[in-house]
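Shown next, in structure tokens, is the structure this report addresses.
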Amino acid sequence: MTGTATSETAPDAMVAVRDVHKVFGRGHDAVHVLKGVDLDVARGSVTVVLGPSGSGKSTLLRCVNELEEITAGSIHVDGDLMGYRRDEKGVLHRLHPKVIAKQRSRIGMVFQRFHLFPHKTALENVMEAPVQVRGLSRAEARKRALELLERVGLSDRINHYPAQLSGGQQQRVAIARALAMDPELMLFDEPTSALDPELVGEVLAVMQDLARSGMTMIVVTHEIGFAREVADHVVFMDDGAIVEEGPPADVLDNPAEPRLRDFLAHVL
Amino acid sequence: MEDRPSGQLPEPLHARPVPRPGRWVSAVVVLVLVAMAVNALVTNPNFRWDTVWLYLRDVIVVRGVGWTLVLTFGSMALAIVLAVMLAVMRRSDNPVMRGVSWFWIWFFRGTPIYTQLVFWGLLSVLYPRLSLGVPFGPEFFTFTTQDVITAFWAALLGLALNESAYLAEIVRAGLSSVDPGQTEAAKALGMKDGKILRRIVLPQAMRVIVPPTGNETISMLKTTSLVLAVPFTLELTYATNAIGNRIFQPIPLLIVAALWYLLITSVLMVGQHYLERYYGRGFDGGRTGGGRGPRGGRGRKPRKQDLIGASGTTKDDPFLEVTP
């Protein structure tokens with residue numbers, strides 16, 4: 001494990017990942033999932049992360065918003081070191097959970113399995129964080145939540161519980177819930193993998209709309225069409241490392257790496 | 001409102017049912033046995049139903065019911081607070097917290113409630129004086145134990161501490177039943193641990209916690225009869241026994257106590273039903289939120305899905321076929 005965290009962030013990068021390693025477990029059971037990942041995500045850009053399962057794409061995403069603690073390296077979001085603070089003498093301190101919670105509140109995350117709060121209606125799901133984390137009044141939060149639910153096309157479903165919604169509707173509520181915190185960065189962890197094929201389109205349309213509005217997004221997905229159409233930058237990961245990256249036209253149509261060619265042949 | 005069936009519904013099949021003479025025979029046999037039991041209850045003069053009716057409304061008995069209820073709800077309330085703390089400690093990262101919680105549960109589950117009640121009754125013998133102050137340092141206030149821990153408080157504490165150990169395990173099971181994804185989603189929104197527990201995890205855990213807790217409450221109602229070990233002598237069982245012994249008619253008074261316990265249990269069961277319905281909201285498809293329906297939603301699709309689900313021939317886990 002090498003890598004002291006250096007903060008050589010590109011000035012326009014929203015996310016700067018530097019030599020990030022992640023090891024799960026210890027001793028004989030240790031699994032080295034991320035093996036020195038470097039990634040820059042420009043402000044307002046859409047980065048799509050591709051790769052076979054087990055390649056570490058989800059882990060990378062979860063490290064960006066501190067759901068997993070990184071083993072080595074550094075991650076900066078909007079210039080802030082995630083999860084740690086370096087004092088004047090250069091000593092690294094773990095941040096207090098409250099401060100980490102604050103860092104997370106600026107990053108929206110959408111999960112493969114939605115993870116809506118089942119005991120709350122669609123509207124209550126979207127209102128929860130603004131009221132509880134940012135201290136908005138219920139009336140304000142409700143107004144904003146209604147706007148967001150309209151934006152994802154669910155104005156007629158606000159009083160439904162998640163169990164009463166289709167997978168595509170649930171995922172759109174989950175996107176509205178993440179947007180309610182006015183994030184500067186959105187992370188999507190295989191947002192359409194748990195959906196029936198006919199419901200994938202409605203979720204991708206919402207994401208495309210979001211990308212057009214200038215949101216910075218990192219999307220882990222197997223939807224090559226989405227990557228081709230929406231992504232500014234495509235990253236291919238295999239075995240815990242980024243093996244090829246670039247504009248979608250280059251990466252998807254002219255893959256240099258044989259593993260990527262193989263992957264694309266299987267996915268398309 | 002509902003999906004209107006398109007076109008004409010088909011005429012259902014008309015078929016003769018399978019003959020089941022065994023059902024008729026067994027039903028008759030059981031009914032005869034029930035009639036015999038009822039007859040034996042009503043006609044036997046030794047039950048003294050007139051005395052039962054008289055003492056059912058006796059002042060001392062009704063006051064006993066009151067004390068029994070106070071002990072039941074008081075100790076359950078205290079036990080629930082303790083149990084949530086113990087369950088959270090049990091899941092803590094701090095080994096001291098985990099250890100103390102484990103020891104508490106081990107000790108209070110591992111000794112008889114009767115022994116514990118006798119012990120609490122004898123506390124004033126062990127520690128005649130209690131004081132508040134700096135640990136191992138100066139004392140600010142001193143009390144005589146007997147003045148503070150009266151028989152009532154000893155009984156309440158004894159019941160609550162014992163119960164907290166059982167409830168802690170129920171709460172722990174409830175907390176573990178909530179999908180870890182819920183905590184992650186809440187974390188990703190920037191919620192802090194305490195809020196995640198109170199607003200996201202506990203409300204969902206309640207669905208698992210409420211049924212066994214209702215069971216424990218009903219059990220506690222009857223466990224209160226053991227507080228004569230303290231001795232606390234105002235609750236229902238002691239009161240009815242005392243009257244029965246005084247008038248040399250123990251059996252009618254036992255029935256008085258039994259009828260009261262049955263009545264309270266029945267009321268508790270109704271309460272539990274509504275609690276379960278409240279905490280089940282969002283989990284049971286259409287019938288949600290204390291019977292309010294899908295909260296203003298007309299919910300065409302879910303109702304149809306409910307009917308399909310009710311047939312019990314499909315799996316309702318949407319991820320069943322997704323995850324390898």
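Following the order of the structure tokens, first chain is A, next is B, and so on, with residues numbered from 1 inside each chain and ligands from 1 in the order they appear.
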Exercise. Please identify every residue of chain A that has at least one atom no more than 7 Å from any atom of chain B, counting only C-alpha atoms, and report them as a list of chain:residue names.
Key: A:Lys98, A:Ala101, A:Lys102, A:Arg104, A:Ser105, A:Gly108, A:Met109, A:His115, A:Phe117, A:Pro118, A:His119, A:Lys120, A:Ala129, A:Val133, A:Arg157, A:Asn159, A:His160, A:Tyr161, A:Pro162, A:Ala163, A:Gln164, A:Ala178, A:Ala194
Would you save the residues from that selection as a short mmCIF file (atom, residue, chain, number, x, y, z; two decimals), in the first residue's frame, using N, CA, C and O atoms?
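Once written, part_38.cif looks like this:
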data_model
loop_
_atom_site.label_atom_id
_atom_site.label_comp_id
_atom_site.auth_asym_id
_atom_site.auth_seq_id
_atom_site.Cartn_x
_atom_site.Cartn_y
_atom_site.Cartn_z
N LYS A 98 -20.20 13.52 12.32
CA LYS A 98 -21.10 14.63 12.00
C LYS A 98 -20.61 15.40 10.77
O LYS A 98 -21.39 15.82 9.93
N ALA A 101 -21.11 13.30 7.74
CA ALA A 101 -22.53 13.36 7.34
C ALA A 101 -22.78 14.63 6.54
O ALA A 101 -23.50 14.63 5.54
N LYS A 102 -22.15 15.73 6.95
CA LYS A 102 -22.31 16.99 6.25
C LYS A 102 -21.73 16.90 4.83
O LYS A 102 -22.32 17.38 3.87
N ARG A 104 -21.43 14.19 3.09
CA ARG A 104 -22.30 13.32 2.30
C ARG A 104 -23.56 14.05 1.82
O ARG A 104 -24.09 13.75 0.77
N SER A 105 -24.05 14.98 2.65
CA SER A 105 -25.32 15.63 2.33
C SER A 105 -25.22 16.43 1.04
O SER A 105 -26.23 16.78 0.45
N GLY A 108 -25.54 13.33 -3.83
CA GLY A 108 -26.73 12.49 -3.93
C GLY A 108 -26.34 11.09 -4.38
O GLY A 108 -25.41 10.93 -5.16
N MET A 109 -27.03 10.09 -3.86
CA MET A 109 -26.72 8.73 -4.31
C MET A 109 -28.00 7.97 -4.62
O MET A 109 -28.98 8.05 -3.89
N HIS A 115 -33.80 1.46 -2.24
CA HIS A 115 -33.72 1.76 -0.81
C HIS A 115 -34.58 2.94 -0.43
O HIS A 115 -34.16 3.79 0.37
N PHE A 117 -37.58 4.58 1.77
CA PHE A 117 -38.03 4.23 3.11
C PHE A 117 -39.45 3.68 3.00
O PHE A 117 -40.38 4.42 2.67
N PRO A 118 -39.65 2.39 3.26
CA PRO A 118 -40.94 1.75 2.95
C PRO A 118 -42.09 2.25 3.82
O PRO A 118 -43.24 2.11 3.45
N HIS A 119 -41.77 2.84 5.01
CA HIS A 119 -42.84 3.28 5.90
C HIS A 119 -43.23 4.71 5.63
O HIS A 119 -44.01 5.29 6.38
N LYS A 120 -42.68 5.29 4.59
CA LYS A 120 -43.02 6.67 4.25
C LYS A 120 -43.54 6.74 2.82
O LYS A 120 -43.08 5.98 1.96
N ALA A 129 -35.04 14.15 4.20
CA ALA A 129 -33.71 14.73 4.44
C ALA A 129 -33.73 16.26 4.53
O ALA A 129 -33.09 16.82 5.43
N VAL A 133 -32.24 16.99 7.93
CA VAL A 133 -30.81 17.32 7.84
C VAL A 133 -30.59 18.82 7.69
O VAL A 133 -29.76 19.40 8.37
N ARG A 157 -48.50 10.30 -7.91
CA ARG A 157 -48.17 9.17 -7.04
C ARG A 157 -47.61 9.62 -5.69
O ARG A 157 -47.05 8.80 -4.97
N ASN A 159 -48.74 10.26 -2.78
CA ASN A 159 -49.21 9.68 -1.52
C ASN A 159 -49.13 8.16 -1.50
O ASN A 159 -49.67 7.52 -0.62
N HIS A 160 -48.45 7.59 -2.49
CA HIS A 160 -48.30 6.14 -2.52
C HIS A 160 -47.07 5.72 -1.71
O HIS A 160 -46.08 6.43 -1.67
N TYR A 161 -47.19 4.57 -1.08
CA TYR A 161 -46.04 3.99 -0.40
C TYR A 161 -45.19 3.27 -1.46
O TYR A 161 -45.72 2.83 -2.48
N PRO A 162 -43.88 3.12 -1.20
CA PRO A 162 -43.01 2.47 -2.19
C PRO A 162 -43.55 1.13 -2.67
O PRO A 162 -43.46 0.81 -3.85
N ALA A 163 -44.14 0.34 -1.75
CA ALA A 163 -44.64 -0.98 -2.14
C ALA A 163 -45.76 -0.90 -3.16
O ALA A 163 -46.09 -1.88 -3.82
N GLN A 164 -46.36 0.30 -3.30
CA GLN A 164 -47.46 0.46 -4.24
C GLN A 164 -47.00 1.03 -5.57
O GLN A 164 -47.81 1.36 -6.42
N ALA A 178 -32.85 12.13 -3.70
CA ALA A 178 -31.46 12.58 -3.69
C ALA A 178 -31.35 14.04 -4.11
O ALA A 178 -30.59 14.81 -3.54
N ALA A 194 -32.02 -3.40 -11.50
CA ALA A 194 -33.06 -4.16 -10.81
C ALA A 194 -34.42 -3.96 -11.45
O ALA A 194 -35.43 -4.33 -10.88
#
Practice problem: Please provide as a VMD selection string all residues within 9 Å of stretch 241-251 of chain B, with the sequence filter that same-chain residues fewer than 2 positions apart are discarded (counting only C-alpha atoms). | Solution: chain B and resid 46 to 48 51 to 52 55 60 to 61 236 to 239 253 to 257
Quiz item: Quick one: residues within 10 Å of A:Asp250, only C-alpha atoms counted, chain neighbours fewer than 6 positions away excluded, as an NGL selection string?
Solution: :A and (233-234 or 256)
Take the residues just selected and output them with N, CA and C atoms as a PDB file, in the first residue's frame.
ATOM      1  N   HIS A 233     -17.522  11.232 -20.551  1.00  0.00           N
ATOM      2  CA  HIS A 233     -16.300  10.507 -20.270  1.00  0.00           C
ATOM      3  C   HIS A 233     -16.700   9.079 -19.895  1.00  0.00           C
ATOM      4  N   VAL A 234     -16.054   8.102 -20.504  1.00  0.00           N
ATOM      5  CA  VAL A 234     -16.359   6.717 -20.175  1.00  0.00           C
ATOM      6  C   VAL A 234     -15.120   6.067 -19.582  1.00  0.00           C
ATOM      7  N   ALA A 256      -9.130  -0.052 -27.281  1.00  0.00           N
ATOM      8  CA  ALA A 256      -7.760  -0.523 -27.479  1.00  0.00           C
ATOM      9  C   ALA A 256      -7.514  -1.783 -26.660  1.00  0.00           C
TER      10      ALA A 256
END
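With only C-alpha atoms taken into account, the protein and nucleic acid residues at most 6 Å from stretch 163-178 of chain B (excluding it and anything under 5 positions from it in its own chain) are Ala79, Leu82, Ala83, Leu86, Ala87, Ile105, Phe108, Ala205, Val208 and Ile209 of chain B.
In this structure, atom CA of B:Leu54 sits 16.9 Å away from atom CA of B:Leu263.
Atom CA of A:Gly201 lies 13.3 Å from atom CA of A:His222.
Excluding A:Lys57 itself and same-chain residues fewer than 2 positions from it, the residues having an atom within 10 Å of it are Val33, Leu34, Val49, Leu50, Gly51, Pro52, Ser53, Gly54, Ser55, Thr59, Leu60, Leu61, Arg62, Cys63, Asp189, Glu190, Val219, Val220, Thr221, Val235, Phe236, Met237, Asp238, Asp239, Gly240, Ala241 and Ile242 of chain A, counting only C-alpha atoms.
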Keeping only N, CA, C and O atoms, write the selected residues to a file as a short mmCIF file (atom, residue, chain, number, x, y, z; two decimals), in the first residue's frame.
data_model
loop_
_atom_site.label_atom_id
_atom_site.label_comp_id
_atom_site.auth_asym_id
_atom_site.auth_seq_id
_atom_site.Cartn_x
_atom_site.Cartn_y
_atom_site.Cartn_z
N VAL A 33 -9.78 -4.85 -3.44
CA VAL A 33 -10.84 -4.57 -4.42
C VAL A 33 -10.48 -3.41 -5.34
O VAL A 33 -10.73 -3.46 -6.54
N LEU A 34 -9.91 -2.35 -4.78
CA LEU A 34 -9.45 -1.23 -5.61
C LEU A 34 -7.93 -1.18 -5.53
O LEU A 34 -7.35 -1.17 -4.44
N VAL A 49 -19.13 4.67 -15.66
CA VAL A 49 -18.16 3.65 -15.30
C VAL A 49 -18.69 2.30 -15.74
O VAL A 49 -19.78 1.89 -15.32
N LEU A 50 -17.94 1.64 -16.61
CA LEU A 50 -18.32 0.31 -17.09
C LEU A 50 -17.36 -0.72 -16.50
O LEU A 50 -16.26 -0.37 -16.05
N GLY A 51 -17.77 -1.97 -16.56
CA GLY A 51 -16.86 -3.01 -16.11
C GLY A 51 -17.62 -4.24 -15.69
O GLY A 51 -18.79 -4.14 -15.32
N PRO A 52 -16.98 -5.42 -15.76
CA PRO A 52 -17.65 -6.64 -15.34
C PRO A 52 -17.92 -6.61 -13.84
O PRO A 52 -17.32 -5.81 -13.11
N SER A 53 -18.85 -7.44 -13.36
CA SER A 53 -19.14 -7.44 -11.93
C SER A 53 -17.91 -7.91 -11.17
O SER A 53 -17.16 -8.76 -11.64
N GLY A 54 -17.70 -7.28 -9.99
CA GLY A 54 -16.52 -7.59 -9.21
C GLY A 54 -15.31 -6.78 -9.62
O GLY A 54 -14.22 -6.98 -9.08
N SER A 55 -15.48 -5.85 -10.56
CA SER A 55 -14.33 -5.06 -10.99
C SER A 55 -14.07 -3.88 -10.07
O SER A 55 -13.08 -3.20 -10.20
N THR A 59 -17.76 -0.24 -5.55
CA THR A 59 -16.93 0.11 -4.40
C THR A 59 -16.34 1.50 -4.57
O THR A 59 -16.33 2.31 -3.64
N LEU A 60 -15.88 1.80 -5.79
CA LEU A 60 -15.33 3.12 -6.06
C LEU A 60 -16.37 4.20 -5.77
O LEU A 60 -16.10 5.20 -5.09
N LEU A 61 -17.59 3.96 -6.26
CA LEU A 61 -18.67 4.92 -6.07
C LEU A 61 -18.96 5.11 -4.58
O LEU A 61 -19.15 6.23 -4.10
N ARG A 62 -18.99 3.99 -3.85
CA ARG A 62 -19.31 4.05 -2.43
C ARG A 62 -18.18 4.72 -1.64
O ARG A 62 -18.44 5.30 -0.59
N CYS A 63 -16.96 4.63 -2.15
CA CYS A 63 -15.85 5.32 -1.49
C CYS A 63 -15.98 6.83 -1.65
O CYS A 63 -15.61 7.60 -0.76
N ASP A 189 -25.58 4.07 -8.74
CA ASP A 189 -24.99 2.73 -8.64
C ASP A 189 -25.91 1.72 -9.32
O ASP A 189 -26.85 1.23 -8.71
N GLU A 190 -25.66 1.43 -10.59
CA GLU A 190 -26.48 0.52 -11.39
C GLU A 190 -27.97 0.81 -11.21
O GLU A 190 -28.73 -0.06 -10.77
N VAL A 219 -21.97 7.59 -13.12
CA VAL A 219 -22.98 6.56 -13.31
C VAL A 219 -22.31 5.22 -13.54
O VAL A 219 -21.57 5.05 -14.50
N VAL A 220 -22.56 4.28 -12.64
CA VAL A 220 -22.14 2.90 -12.87
C VAL A 220 -23.31 2.20 -13.54
O VAL A 220 -24.42 2.19 -13.00
N THR A 221 -23.10 1.67 -14.71
CA THR A 221 -24.23 1.06 -15.43
C THR A 221 -23.74 0.07 -16.47
O THR A 221 -22.55 0.01 -16.79
N VAL A 235 -15.33 5.34 -18.48
CA VAL A 235 -14.23 4.68 -17.78
C VAL A 235 -14.50 3.20 -17.78
O VAL A 235 -15.62 2.77 -17.47
N PHE A 236 -13.51 2.40 -18.15
CA PHE A 236 -13.69 0.95 -18.08
C PHE A 236 -12.79 0.40 -16.99
O PHE A 236 -11.58 0.62 -16.99
N MET A 237 -13.41 -0.30 -16.02
CA MET A 237 -12.64 -0.86 -14.92
C MET A 237 -12.59 -2.37 -15.04
O MET A 237 -13.56 -3.00 -15.46
N ASP A 238 -11.47 -2.94 -14.65
CA ASP A 238 -11.39 -4.38 -14.54
C ASP A 238 -10.41 -4.73 -13.43
O ASP A 238 -9.36 -4.10 -13.32
N ASP A 239 -10.79 -5.67 -12.60
CA ASP A 239 -9.93 -6.15 -11.52
C ASP A 239 -9.38 -5.00 -10.67
O ASP A 239 -8.19 -4.96 -10.37
N GLY A 240 -10.26 -4.07 -10.29
CA GLY A 240 -9.88 -3.04 -9.33
C GLY A 240 -9.06 -1.89 -9.88
O GLY A 240 -8.52 -1.10 -9.12
N ALA A 241 -8.96 -1.79 -11.19
CA ALA A 241 -8.20 -0.68 -11.76
C ALA A 241 -8.89 -0.18 -13.02
O ALA A 241 -9.65 -0.90 -13.65
N ILE A 242 -8.59 1.09 -13.37
CA ILE A 242 -9.12 1.63 -14.61
C ILE A 242 -8.18 1.22 -15.73
O ILE A 242 -6.99 1.54 -15.69
#
Give me the residues within 10 Å of B:Leu275 as a PDB file with all heavy atoms, in the first residue's frame, counting only C-alpha atoms and dropping any in the same chain fewer than 4 places off.
ATOM      1  N   MET B 206     -40.163  -1.748  14.316  1.00  0.00           N
ATOM      2  CA  MET B 206     -41.369  -1.898  15.134  1.00  0.00           C
ATOM      3  C   MET B 206     -42.300  -2.977  14.591  1.00  0.00           C
ATOM      4  O   MET B 206     -43.012  -3.638  15.343  1.00  0.00           O
ATOM      5  CB  MET B 206     -42.139  -0.570  15.205  1.00  0.00           C
ATOM      6  CG  MET B 206     -41.476   0.490  16.048  1.00  0.00           C
ATOM      7  SD  MET B 206     -41.155  -0.059  17.703  1.00  0.00           S
ATOM      8  CE  MET B 206     -42.747   0.258  18.432  1.00  0.00           C
ATOM      9  N   ARG B 207     -42.285  -3.151  13.283  1.00  0.00           N
ATOM     10  CA  ARG B 207     -43.144  -4.152  12.666  1.00  0.00           C
ATOM     11  C   ARG B 207     -42.802  -5.542  13.208  1.00  0.00           C
ATOM     12  O   ARG B 207     -43.675  -6.388  13.373  1.00  0.00           O
ATOM     13  CB  ARG B 207     -42.923  -4.117  11.157  1.00  0.00           C
ATOM     14  CG  ARG B 207     -44.035  -4.651  10.332  1.00  0.00           C
ATOM     15  CD  ARG B 207     -43.806  -4.253   8.897  1.00  0.00           C
ATOM     16  NE  ARG B 207     -42.519  -4.717   8.411  1.00  0.00           N
ATOM     17  CZ  ARG B 207     -42.373  -5.852   7.730  1.00  0.00           C
ATOM     18  NH1 ARG B 207     -43.406  -6.594   7.472  1.00  0.00           N
ATOM     19  NH2 ARG B 207     -41.180  -6.214   7.321  1.00  0.00           N
ATOM     20  N   VAL B 210     -43.307  -5.247  17.622  1.00  0.00           N
ATOM     21  CA  VAL B 210     -44.613  -5.123  18.283  1.00  0.00           C
ATOM     22  C   VAL B 210     -45.270  -6.473  18.620  1.00  0.00           C
ATOM     23  O   VAL B 210     -45.687  -6.662  19.765  1.00  0.00           O
ATOM     24  CB  VAL B 210     -45.577  -4.226  17.476  1.00  0.00           C
ATOM     25  CG1 VAL B 210     -47.005  -4.369  17.962  1.00  0.00           C
ATOM     26  CG2 VAL B 210     -45.146  -2.772  17.586  1.00  0.00           C
ATOM     27  N   PRO B 211     -45.360  -7.431  17.687  1.00  0.00           N
ATOM     28  CA  PRO B 211     -46.078  -8.668  18.063  1.00  0.00           C
ATOM     29  C   PRO B 211     -45.497  -9.377  19.289  1.00  0.00           C
ATOM     30  O   PRO B 211     -46.246  -9.657  20.230  1.00  0.00           O
ATOM     31  CB  PRO B 211     -45.993  -9.519  16.803  1.00  0.00           C
ATOM     32  CG  PRO B 211     -45.813  -8.546  15.694  1.00  0.00           C
ATOM     33  CD  PRO B 211     -44.999  -7.428  16.264  1.00  0.00           C
ATOM     34  N   GLY B 214     -46.254  -7.352  22.444  1.00  0.00           N
ATOM     35  CA  GLY B 214     -47.630  -7.533  22.890  1.00  0.00           C
ATOM     36  C   GLY B 214     -47.747  -8.813  23.706  1.00  0.00           C
ATOM     37  O   GLY B 214     -48.372  -8.853  24.772  1.00  0.00           O
ATOM     38  N   MET B 269     -55.238  -7.305  23.450  1.00  0.00           N
ATOM     39  CA  MET B 269     -55.141  -7.899  22.114  1.00  0.00           C
ATOM     40  C   MET B 269     -55.705  -6.961  21.046  1.00  0.00           C
ATOM     41  O   MET B 269     -55.151  -6.851  19.952  1.00  0.00           O
ATOM     42  CB  MET B 269     -55.862  -9.246  22.072  1.00  0.00           C
ATOM     43  CG  MET B 269     -55.064 -10.362  22.728  1.00  0.00           C
ATOM     44  SD  MET B 269     -56.057 -11.828  23.059  1.00  0.00           S
ATOM     45  CE  MET B 269     -56.287 -12.445  21.411  1.00  0.00           C
ATOM     46  N   VAL B 270     -56.777  -6.264  21.401  1.00  0.00           N
ATOM     47  CA  VAL B 270     -57.346  -5.302  20.444  1.00  0.00           C
ATOM     48  C   VAL B 270     -56.336  -4.177  20.186  1.00  0.00           C
ATOM     49  O   VAL B 270     -56.069  -3.798  19.039  1.00  0.00           O
ATOM     50  CB  VAL B 270     -58.678  -4.724  20.977  1.00  0.00           C
ATOM     51  CG1 VAL B 270     -59.171  -3.617  20.072  1.00  0.00           C
ATOM     52  CG2 VAL B 270     -59.716  -5.829  21.095  1.00  0.00           C
ATOM     53  N   GLY B 271     -55.748  -3.680  21.290  1.00  0.00           N
ATOM     54  CA  GLY B 271     -54.746  -2.624  21.148  1.00  0.00           C
ATOM     55  C   GLY B 271     -53.589  -3.063  20.275  1.00  0.00           C
ATOM     56  O   GLY B 271     -53.130  -2.328  19.395  1.00  0.00           O
ATOM     57  N   TYR B 279     -47.858   0.097  12.416  1.00  0.00           N
ATOM     58  CA  TYR B 279     -46.457  -0.076  12.053  1.00  0.00           C
ATOM     59  C   TYR B 279     -46.278  -0.922  10.795  1.00  0.00           C
ATOM     60  O   TYR B 279     -45.197  -1.012  10.252  1.00  0.00           O
ATOM     61  CB  TYR B 279     -45.655  -0.654  13.216  1.00  0.00           C
ATOM     62  CG  TYR B 279     -45.363   0.395  14.245  1.00  0.00           C
ATOM     63  CD1 TYR B 279     -45.970   0.373  15.488  1.00  0.00           C
ATOM     64  CD2 TYR B 279     -44.517   1.461  13.941  1.00  0.00           C
ATOM     65  CE1 TYR B 279     -45.728   1.363  16.422  1.00  0.00           C
ATOM     66  CE2 TYR B 279     -44.265   2.450  14.860  1.00  0.00           C
ATOM     67  CZ  TYR B 279     -44.869   2.397  16.094  1.00  0.00           C
ATOM     68  OH  TYR B 279     -44.630   3.385  17.005  1.00  0.00           O
ATOM     69  N   GLY B 280     -47.361  -1.532  10.331  1.00  0.00           N
ATOM     70  CA  GLY B 280     -47.272  -2.301   9.092  1.00  0.00           C
ATOM     71  C   GLY B 280     -47.522  -1.442   7.867  1.00  0.00           C
ATOM     72  O   GLY B 280     -47.504  -1.932   6.755  1.00  0.00           O
ATOM     73  N   GLY B 290     -53.219   2.431   9.082  1.00  0.00           N
ATOM     74  CA  GLY B 290     -54.381   2.384   9.966  1.00  0.00           C
ATOM     75  C   GLY B 290     -55.678   2.453   9.192  1.00  0.00           C
ATOM     76  O   GLY B 290     -56.613   3.126   9.591  1.00  0.00           O
TER      77      GLY B 290
END
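Taking atom CA of A:Met186 and atom CA of A:Asp38 as endpoints, the distance between them is 18.7 Å.
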Self-check item: B:Leu117 surroundings by only C-alpha atoms, 6 Å radius, close-in-sequence under 4 positions cut, as a VMD selection string
Solution: chain B and resid 158 229 to 230
Keeping only C-alpha atoms, write the selected residues as a PDB file, in the first residue's frame.
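Ended up saving to result-v2.pdb:
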ATOM      1  CA  GLY B 158     -37.937  -5.941  39.773  1.00  0.00           C
ATOM      2  CA  ALA B 229     -42.527 -11.989  46.853  1.00  0.00           C
ATOM      3  CA  VAL B 230     -41.476  -8.378  47.503  1.00  0.00           C
TER       4      VAL B 230
END
